[in-house]
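As structure tokens, the structure follows; a few thoughts come after it.
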Amino acid sequence: MKNIETRHWTFLGLFVCIGLVMLIDVKLDIPVSAQTRKMYDFIDTLPAGSVLMVSFDHEASSLPEIRPIGLAILRHTFSKGHRLIGVALLAEGTVIGYRLMLKTAAEYGREYGKDYVYLGFKPQYIAAILSMGESIPRTFPRDYLGRPYEQFALLREVDNYDDITAVISITDGSLTTHWMEYGGARYGVRVLSGMTAAMVTTFDPYVASGQMHSLVAGLRGAAEYERLINREGGGERGMLAQTTAHLYVIGLVLLGNVIYFRSRRKRKPG
Amino acid sequence: MSDPATIIAGLLTLAILSFLYRDNPIYKMAESLLIGVSIGYTLVIVWTSTLMDLLFKPLFSDGQYALVLPLVLGLLMFGRFLAKTSSLSRIPIAVMIGSGAGVAIPVMLEARTLKQMSATVTPLITESGFPDVSAIVVIVGVLTTLSYFYFSREHKGALGTSAKIGTYFLMIFFGATFGYTVMSRMSTFIGRMEFLMTEFLHLGG
Amino acid sequence: MDRKVALGVCFIFGLVMFAQYFSQHPAARSVNQAILEYWQIIFAFTLLVGVVSVFKNNVVQIRRGQDRSYRLITLAGLVAMPFLALIWGIKADTPFMWTFENIQAPMQSTVFALLAFFVASASFRGFRARSVPAAILLLSALIILLSRSAVGTFIFPQMTEVADWIRHYPSMSARRAILIGIGLGSLTTSMRVILGIERTWLGGGK
């Protein structure tokens with residue numbers, strides 16, 4: 001017991017709070033925010049058959065948060081009959097993106113090569129983004145499994161960004177910045193993004209300036225999107241636990257400050 | 001009973017979580033495995049997606065002999081392993097650094113600086129003649145925060161006041177970022193807890 | 001001599017890539033595409049160098065007897081993945097994919113999940129309203145946290161609108177100023193690198 005420190009009690013408290021709450025099956029009423037609705041409306045109103053590029057620009061570390069976002073967006077795009085080209089600009093996103101596209105495409109009976117293709121990964125994301133602006137087949141001469149670009153009906157219509165309606169960057173870091181700055185500024189690519197909540201304040205100036213069309217952020221954003229497409233994918237399930245976690249942290253902050261100010265008052269003379 | 005994949009994933013998850021108590025051999029073993037597997041994974045992906053796709057197949061199967069140049073430049077990187085040849089690795093690095101710097105100049109100017117500046121300059125008075133408080137807040141925030149980062153003069157007088165206001169805007173930004181970061185980290189933990197409770201331990205709603 | 005050659009190469013490639021931005025001529029676009037391909041290929045080799053370096057370091061440490069069992073596990077993982085990919089490929093439902101989904105991804109996301117605990121602990125031990133700026137930071141964080149939970153609107157009905165306003169205006173303006181500063185700094189640094197004034201990337205030695 002002498003090895004148990006204060007931090008261990010805060011850890012245990014978090015574990016217990018989340019653990020207990022997860023035993024309860026309660027769905028919270030999550031209002032849909034304007035920013036999530038903006039992305040939903042964009043994808044929803046595109047003509048069927050529009051070609052979109054989805055870029056899996058994230059790592060496995062953020063999978064619990066990013067997967068529900070990716071699932072919701074892919075399900076929406078496939079349900080509307082849009083065609084998808086999947087790429088990854090971070091190595092770990094490669095396999096995750098491949099799996100996610102196969103899974104969601106199968107749910108909607110989409111055919112590989114005609115409705116979607118997964119091109120895989122290319123390193124040095126700035127070079128990859130700029131290179132695709134000139135020629136996507138030269139950047140990706142083969143798909144993820146090594147089959148030639150020309151083999152696929154969907155890809156025969158696509159040479160560069162001019163043939164793509166928008167790029168949806170699923171990210172847990174700042175890679176989407178490069179999509180906007182190199183792809184958007186140079187080639188006029190329209191950029192949408194699904195991102196972890198931690199990155200939201202980083203991209204707010206880009207949304208405000210119009211360089212980013214719209215964004216969906218965090219598990220909450222995923223829950224809102226799931227509500228719009230009326231399909232569960234892990235976002236809504238976590239909302240009660242998320243609320244509990246927030247209240248726990250708020251409680252810790254307030255408790256810490258109460259203890260601090262009380263001890264400060266005791267130390268002051270008189 | 002869970003399948004072997006879930007059991008392995010669950011045990012490894014618990015091994016990593018054991019770090020919360022303290023650093024221990026089980027955590028260290030899991031961490032070592034993670035490092036090895038991650039590096040091996042990256043090696044496979046880079047080899048198949050780039051070296052095979054962009055270099056070896058075009059060079060040796062399609063006869064694109066111009067690719068000998070990047071092959072040689074890439075091999076020069078291995079010069080780092082010997083003291084005599086280590087300086088040769090500067091050349092491919094120079095190619096990458098120079099290319100990156102060259103493409104960055106117009107992009108940084110246009111996309112990061114000018115576009116953001118122009119987005120800041122918006123009407124401060126609405127059509128009805130009332131001040132647009134939000135637009136005023138934005139322009140004040142941008143200017144005062146920029147003044148905070150101006151270190152060529154001492155922060156005294158008007159500059160000092162401006163920098164102080166800029167500090168308050170920065171604190172609002174850091175506070176908002178902290179709030180969203182907490183949200184994000186908790187989401188990741190909630191995802192792992194959901195896996196442990198539903199798939200590994202078969203508990204929960 | 002080597003440093004001068006490297007600086008010259010940096011200057012040439014920097015100038016070419018900067019100039020091609022302003023040209024739509026097919027020759028310029030062709031050169032642009034070629035250099036971008038070279039860049040990616042060389043970058044792939046740097047990753048290879050990193051892998052070889054890790055392998056070498058681990059072998060050296062094993063020979064010295066330092067943390068032998070842990071380093072053997074690292075090497076085993078490092079070798080296993082290419083072996084699995086070579087024999088069974090990288091498609092869905094291959095051992096390579098299985099290893100990523102059931103060993104790498106769970107551990108990687110759990111390492112990240114540890115941060116939730118440290119954030120909670122730091123909130124209790126370090127987050128103090130010691131001064132006016134700290135109090136503003138605290139208040140901003142609390143408003144955001146409350147607005148993102150389901151109880152925020154019970155405490156204050158306009159909590160979500162207030163939080164959104166804070167995010168889209170004062171918070172955004174500070175971030176925008178940081179971006180402008182970074183943009184100007186990156187611009188000047190890039191110019192200094194191309195002109196050979198900034199030489200830290202050359203490293204030490206002759």
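By order of appearance in the structure tokens: chains A, B, ..., then residues from 1 within every chain, and ligands from 1 in the order shown.
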- Task: For chain A, list the residues within 7 Å of chain B, counting only C-alpha atoms, and write the list as a PyMOL selection string.
- Result: chain A and resi 8+22-25+62+64-65+91+120-122+141-142+181-182+185+196-198+201+209+218-219+238+241-242+245
- Message: I'd like to know which residues of region 106-171 of chain A are strand (DSSP E) (by DSSP, run on the backbone); could you write them as a PyMOL selection string?
- Response: chain A and resi 116-121+166-171
- Task: Dump as a PyMOL selection string the residues of chain C that approach chain A to within 8 Å, counting only C-alpha atoms.
- Result: chain C and resi 29+33+36-37+39-40+43-44+90-92+97+104-106+108-112+117-118+120-121+123-129+142+145-146+148-151+167-168+171-173+175-176
Write the residues of the selection above to a file with N, CA and C atoms, as a short mmCIF file (atom, residue, chain, number, x, y, z; two decimals), in the first residue's frame.
data_model
loop_
_atom_site.label_atom_id
_atom_site.label_comp_id
_atom_site.auth_asym_id
_atom_site.auth_seq_id
_atom_site.Cartn_x
_atom_site.Cartn_y
_atom_site.Cartn_z
N ARG C 29 6.19 20.86 -65.59
CA ARG C 29 5.35 19.91 -64.85
C ARG C 29 6.00 18.53 -64.84
N GLN C 33 7.08 16.57 -61.52
CA GLN C 33 6.62 15.20 -61.21
C GLN C 33 7.81 14.29 -60.91
N LEU C 36 9.32 15.07 -57.49
CA LEU C 36 8.43 14.59 -56.42
C LEU C 36 8.59 13.08 -56.24
N GLU C 37 8.75 12.36 -57.35
CA GLU C 37 8.96 10.91 -57.26
C GLU C 37 10.29 10.60 -56.59
N TRP C 39 11.88 12.41 -54.50
CA TRP C 39 11.73 12.79 -53.09
C TRP C 39 11.13 11.63 -52.30
N GLN C 40 10.06 11.03 -52.85
CA GLN C 40 9.39 9.93 -52.16
C GLN C 40 10.29 8.71 -52.07
N PHE C 43 12.99 9.31 -49.55
CA PHE C 43 12.39 9.25 -48.21
C PHE C 43 12.19 7.81 -47.78
N ALA C 44 11.77 6.95 -48.73
CA ALA C 44 11.61 5.53 -48.41
C ALA C 44 12.94 4.92 -47.99
N ILE C 90 -0.28 -9.36 -47.96
CA ILE C 90 -0.79 -8.30 -47.08
C ILE C 90 -2.28 -8.06 -47.27
N LYS C 91 -2.95 -9.04 -47.88
CA LYS C 91 -4.40 -8.88 -48.09
C LYS C 91 -5.13 -8.99 -46.76
N ALA C 92 -6.46 -8.80 -46.81
CA ALA C 92 -7.29 -9.02 -45.63
C ALA C 92 -7.19 -10.50 -45.25
N MET C 97 -2.01 -9.04 -41.54
CA MET C 97 -3.15 -8.20 -41.15
C MET C 97 -3.58 -8.55 -39.73
N GLN C 104 -0.51 -5.06 -32.80
CA GLN C 104 -0.02 -3.68 -32.90
C GLN C 104 -1.10 -2.66 -32.56
N ALA C 105 -2.23 -2.72 -33.24
CA ALA C 105 -3.27 -1.69 -33.04
C ALA C 105 -3.79 -1.64 -31.60
N PRO C 106 -4.12 -2.77 -30.96
CA PRO C 106 -4.60 -2.70 -29.57
C PRO C 106 -3.56 -2.08 -28.64
N GLN C 108 -1.03 -0.09 -29.42
CA GLN C 108 -0.78 1.31 -29.77
C GLN C 108 -1.89 2.20 -29.23
N SER C 109 -3.13 1.77 -29.39
CA SER C 109 -4.23 2.61 -28.90
C SER C 109 -4.27 2.62 -27.38
N THR C 110 -3.83 1.54 -26.74
CA THR C 110 -3.81 1.52 -25.27
C THR C 110 -2.73 2.46 -24.74
N VAL C 111 -1.58 2.49 -25.40
CA VAL C 111 -0.52 3.43 -25.00
C VAL C 111 -1.08 4.85 -25.03
N PHE C 112 -1.83 5.16 -26.07
CA PHE C 112 -2.44 6.48 -26.18
C PHE C 112 -3.50 6.70 -25.12
N PHE C 117 -5.44 8.98 -18.30
CA PHE C 117 -5.16 8.93 -16.86
C PHE C 117 -4.22 10.05 -16.46
N PHE C 118 -3.22 10.29 -17.28
CA PHE C 118 -2.26 11.34 -16.93
C PHE C 118 -2.88 12.72 -17.01
N ALA C 120 -6.05 13.29 -16.37
CA ALA C 120 -6.88 13.39 -15.16
C ALA C 120 -6.01 13.74 -13.95
N SER C 121 -4.88 13.05 -13.82
CA SER C 121 -3.98 13.31 -12.70
C SER C 121 -3.42 14.73 -12.75
N SER C 123 -4.83 17.27 -14.14
CA SER C 123 -5.93 18.19 -13.84
C SER C 123 -6.06 18.42 -12.35
N PHE C 124 -5.86 17.36 -11.59
CA PHE C 124 -5.99 17.48 -10.13
C PHE C 124 -4.77 18.15 -9.53
N ARG C 125 -3.58 17.78 -9.98
CA ARG C 125 -2.37 18.22 -9.30
C ARG C 125 -1.80 19.53 -9.81
N GLY C 126 -2.07 19.86 -11.09
CA GLY C 126 -1.36 21.01 -11.66
C GLY C 126 -2.23 22.16 -12.13
N PHE C 127 -3.50 21.93 -12.32
CA PHE C 127 -4.34 22.93 -12.95
C PHE C 127 -4.88 23.92 -11.91
N ARG C 128 -4.12 24.98 -11.64
CA ARG C 128 -4.46 25.92 -10.58
C ARG C 128 -4.72 27.31 -11.15
N ALA C 129 -5.71 27.98 -10.60
CA ALA C 129 -6.00 29.36 -11.02
C ALA C 129 -5.12 30.32 -10.23
N LEU C 142 -13.08 24.63 -18.70
CA LEU C 142 -14.28 24.13 -18.03
C LEU C 142 -15.52 24.33 -18.89
N LEU C 145 -15.43 21.72 -21.65
CA LEU C 145 -15.72 20.38 -21.13
C LEU C 145 -17.20 20.21 -20.80
N LEU C 146 -17.77 21.23 -20.18
CA LEU C 146 -19.20 21.15 -19.82
C LEU C 146 -20.07 21.14 -21.07
N ARG C 148 -19.41 19.98 -23.95
CA ARG C 148 -19.27 18.72 -24.69
C ARG C 148 -19.87 17.53 -23.92
N SER C 149 -20.36 17.80 -22.71
CA SER C 149 -21.02 16.73 -21.98
C SER C 149 -22.52 16.96 -22.07
N ALA C 150 -23.28 15.95 -21.66
CA ALA C 150 -24.74 16.07 -21.82
C ALA C 150 -25.38 16.96 -20.76
N VAL C 151 -24.64 17.30 -19.70
CA VAL C 151 -25.26 18.07 -18.60
C VAL C 151 -25.02 19.57 -18.72
N ARG C 167 -14.91 29.12 -29.10
CA ARG C 167 -14.05 28.36 -30.01
C ARG C 167 -13.89 29.08 -31.35
N HIS C 168 -14.98 29.60 -31.88
CA HIS C 168 -14.95 30.16 -33.24
C HIS C 168 -14.43 31.59 -33.32
N SER C 171 -10.74 32.06 -29.37
CA SER C 171 -9.78 30.97 -29.48
C SER C 171 -9.23 30.89 -30.89
N MET C 172 -10.10 30.98 -31.88
CA MET C 172 -9.68 30.89 -33.27
C MET C 172 -8.73 32.03 -33.64
N SER C 173 -8.99 33.22 -33.09
CA SER C 173 -8.15 34.37 -33.46
C SER C 173 -6.72 34.18 -32.94
N ARG C 175 -5.23 31.27 -32.42
CA ARG C 175 -4.64 30.23 -33.27
C ARG C 175 -4.26 30.80 -34.63
N ARG C 176 -5.10 31.69 -35.15
CA ARG C 176 -4.80 32.32 -36.45
C ARG C 176 -3.51 33.13 -36.36
#
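If only C-alpha atoms are the atoms counted, then among C:Thr46, C:Asn32, C:Asn58, C:Thr94 the closest residue to chain B is C:Thr46.
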- Message: If we count only C-alpha atoms and set the cut-off at 8 Å, which residues sit around region 163-176 of chain A, ignoring sequence neighbours fewer than 5 positions away in its own chain? Please answer as a list in words.
- Response: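 That gives Ser50, Val51, Leu52, Met53, Val54, Ser55, Phe56, Asp57, His58, Glu59, Ser62, Ile66, Ile69, Gly70, Tyr125, Glu157, Val158, Val189, Arg190, Val191, Leu192, Ser193, Gly194, Met195, Thr196, Ala198, Met199 and Thr202 of chain A.
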Filtering to N, CA and C atoms, could you give me those residues as a tab-separated table (two decimals), in the first residue's frame?
chain	number	residue	atom	x	y	z
A	50	SER	N	-20.66	10.65	-57.70
A	50	SER	CA	-19.54	11.59	-57.56
A	50	SER	C	-18.32	10.85	-57.03
A	51	VAL	N	-17.16	11.26	-57.50
A	51	VAL	CA	-15.93	10.61	-57.07
A	51	VAL	C	-15.30	11.40	-55.92
A	52	LEU	N	-15.10	10.73	-54.82
A	52	LEU	CA	-14.47	11.36	-53.65
A	52	LEU	C	-13.21	10.59	-53.31
A	53	MET	N	-12.24	11.32	-52.79
A	53	MET	CA	-11.02	10.65	-52.30
A	53	MET	C	-11.06	10.67	-50.78
A	54	VAL	N	-10.83	9.52	-50.17
A	54	VAL	CA	-10.76	9.45	-48.71
A	54	VAL	C	-9.33	9.13	-48.34
A	55	SER	N	-8.73	9.99	-47.54
A	55	SER	CA	-7.33	9.80	-47.17
A	55	SER	C	-7.23	9.45	-45.69
A	56	PHE	N	-6.68	8.26	-45.41
A	56	PHE	CA	-6.58	7.80	-44.03
A	56	PHE	C	-5.24	8.29	-43.46
A	57	ASP	N	-5.30	9.48	-42.88
A	57	ASP	CA	-4.09	10.16	-42.42
A	57	ASP	C	-3.95	10.06	-40.91
A	58	HIS	N	-4.07	8.86	-40.39
A	58	HIS	CA	-4.02	8.71	-38.94
A	58	HIS	C	-3.26	7.45	-38.56
A	59	GLU	N	-3.00	7.34	-37.26
A	59	GLU	CA	-2.27	6.19	-36.75
A	59	GLU	C	-3.20	5.26	-35.98
A	62	SER	N	-5.03	6.31	-32.37
A	62	SER	CA	-6.28	7.05	-32.20
A	62	SER	C	-7.48	6.25	-32.72
A	66	ILE	N	-11.17	7.49	-33.93
A	66	ILE	CA	-11.26	7.84	-35.35
A	66	ILE	C	-12.09	6.83	-36.13
A	69	ILE	N	-15.76	7.70	-36.68
A	69	ILE	CA	-15.88	8.81	-37.64
A	69	ILE	C	-15.75	8.27	-39.06
A	70	GLY	N	-14.70	7.49	-39.27
A	70	GLY	CA	-14.47	6.91	-40.60
A	70	GLY	C	-15.63	6.05	-41.05
A	125	TYR	N	4.26	12.92	-47.32
A	125	TYR	CA	2.90	13.32	-47.70
A	125	TYR	C	2.83	14.58	-48.55
A	157	GLU	N	-11.24	6.92	-65.24
A	157	GLU	CA	-11.84	8.25	-65.39
A	157	GLU	C	-11.10	9.32	-64.59
A	158	VAL	N	-10.13	8.89	-63.78
A	158	VAL	CA	-9.52	9.83	-62.84
A	158	VAL	C	-8.04	9.99	-63.15
A	189	VAL	N	-8.15	21.86	-54.52
A	189	VAL	CA	-8.86	20.71	-53.94
A	189	VAL	C	-9.79	21.19	-52.84
A	190	ARG	N	-11.01	20.68	-52.82
A	190	ARG	CA	-11.93	20.96	-51.72
A	190	ARG	C	-11.64	19.94	-50.64
A	191	VAL	N	-11.41	20.41	-49.41
A	191	VAL	CA	-11.01	19.51	-48.32
A	191	VAL	C	-12.05	19.48	-47.21
A	192	LEU	N	-12.45	18.26	-46.86
A	192	LEU	CA	-13.31	18.03	-45.71
A	192	LEU	C	-12.49	17.15	-44.76
A	193	SER	N	-12.88	17.12	-43.50
A	193	SER	CA	-12.07	16.32	-42.58
A	193	SER	C	-12.87	15.70	-41.44
A	194	GLY	N	-12.50	14.47	-41.11
A	194	GLY	CA	-12.96	13.84	-39.87
A	194	GLY	C	-11.73	13.75	-38.99
A	195	MET	N	-11.82	14.26	-37.79
A	195	MET	CA	-10.60	14.34	-36.98
A	195	MET	C	-10.87	14.04	-35.52
A	196	THR	N	-9.79	13.79	-34.79
A	196	THR	CA	-9.93	13.63	-33.34
A	196	THR	C	-10.24	14.99	-32.72
A	198	ALA	N	-8.98	16.48	-30.29
A	198	ALA	CA	-7.80	17.26	-29.89
A	198	ALA	C	-7.32	18.20	-30.99
A	199	MET	N	-7.66	17.90	-32.24
A	199	MET	CA	-7.16	18.71	-33.35
A	199	MET	C	-8.09	19.83	-33.76
A	202	THR	N	-6.94	23.45	-33.73
A	202	THR	CA	-5.88	23.66	-34.73
A	202	THR	C	-6.46	24.07	-36.07
- What's the 8 Å shell around Gly181 (chain C), counting only C-alpha atoms, without same-chain residues fewer than 4 positions away, as a list in words? Thr113, Leu146 and Phe149 of chain B; Ala177 and Gly185 of chain C
File dump, residues just selected, N, CA and C atoms, as a tab-separated table (two decimals), in the first residue's frame:
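Generated output (out_3.tsv):
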chain	number	residue	atom	x	y	z
B	113	THR	N	-0.35	32.47	-44.67
B	113	THR	CA	-0.21	33.86	-44.24
B	113	THR	C	-1.28	34.75	-44.87
B	146	LEU	N	-0.45	38.56	-32.14
B	146	LEU	CA	0.76	38.79	-32.95
B	146	LEU	C	1.72	39.72	-32.21
B	149	PHE	N	3.97	38.01	-29.78
B	149	PHE	CA	5.11	37.28	-30.35
B	149	PHE	C	6.15	38.19	-30.98
C	177	ALA	N	-3.34	33.86	-35.28
C	177	ALA	CA	-2.11	34.65	-35.10
C	177	ALA	C	-0.90	33.72	-35.05
C	185	GLY	N	7.52	32.63	-40.38
C	185	GLY	CA	8.76	31.99	-39.95
C	185	GLY	C	9.19	30.89	-40.90
Contact residues around Glu198 (chain C) with only C-alpha atoms at 12 Å, ignoring same-chain residues under 2 positions, as an mmCIF file with C-alpha atoms, in the first residue's frame:
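Generated file (selection_4.cif):
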data_model
loop_
_atom_site.group_PDB
_atom_site.id
_atom_site.type_symbol
_atom_site.label_atom_id
_atom_site.label_comp_id
_atom_site.auth_asym_id
_atom_site.auth_seq_id
_atom_site.Cartn_x
_atom_site.Cartn_y
_atom_site.Cartn_z
ATOM 1 C CA ILE B 97 15.488 19.553 -47.857
ATOM 2 C CA GLY B 98 15.867 21.730 -50.954
ATOM 3 C CA ALA B 101 11.942 24.363 -48.901
ATOM 4 C CA LEU C 7 24.567 23.122 -50.318
ATOM 5 C CA CYS C 10 19.948 22.050 -51.988
ATOM 6 C CA PHE C 11 20.056 25.380 -53.804
ATOM 7 C CA THR C 188 12.001 32.907 -44.068
ATOM 8 C CA THR C 189 13.502 29.622 -42.893
ATOM 9 C CA SER C 190 12.832 28.015 -46.289
ATOM 10 C CA MET C 191 14.543 30.933 -48.039
ATOM 11 C CA ARG C 192 17.507 30.693 -45.668
ATOM 12 C CA VAL C 193 17.798 26.956 -46.283
ATOM 13 C CA ILE C 194 17.782 27.355 -50.066
ATOM 14 C CA LEU C 195 20.314 30.191 -49.955
ATOM 15 C CA GLY C 196 22.592 28.174 -47.680
ATOM 16 C CA THR C 200 21.928 22.990 -39.359
ATOM 17 C CA TRP C 201 20.520 20.205 -41.553
ATOM 18 C CA LEU C 202 24.078 19.439 -42.725
ATOM 19 C CA GLY C 203 24.990 18.135 -39.292
#
- Task: Using backbone DSSP assignments, extract all alpha helix (DSSP H) residues from chain B; output them as a count of residues only.
- Result: 123
- Shell of 10 Å around Leu12 (chain B), only C-alpha atoms, local chain residues under 4 positions omitted, as a list in words: Thr6, Ile7, Ile8, Ile16, Leu17, Ser18, Ile26, Tyr27, Met29, Ala30, Glu31, Leu33 and Leu34 of chain B; Asn102, Ile103, Gln104, Pro106, Met107 and Thr110 of chain C
- Considering only C-alpha atoms, state which residue in the set C:Asp93, C:Val59, C:Ser53, C:Gln24 is at the smallest distance from chain B.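 Smallest separation from chain B among the options: C:Ser53.
Each of A:Arg110, A:Arg231, A:Lys266, A:Lys103 was compared to Ala72 (chain A) using only C-alpha atoms, and A:Arg231 turns out to be the nearest.
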- Note on the structure: CA of Val72 (chain B) sits from CA of Ile35 (chain C) at a separation of 14.2 Å
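Near Met39 (chain A), within a cut-off of 8 Å and counting only C-alpha atoms, sit the residues Leu192, His213, Ser214, Leu215 and Val216 of chain A, with same-chain residues fewer than 5 positions away left out.
Picture a line from CA of Ala83 (chain B) to CA of Val49 (chain C); it runs 15.1 Å.
Using only C-alpha atoms, the shortest contact distance between Pro137 (chain A) and any of A:Leu119, A:Ala223, A:Ala153, A:Leu84 is found at A:Leu119.
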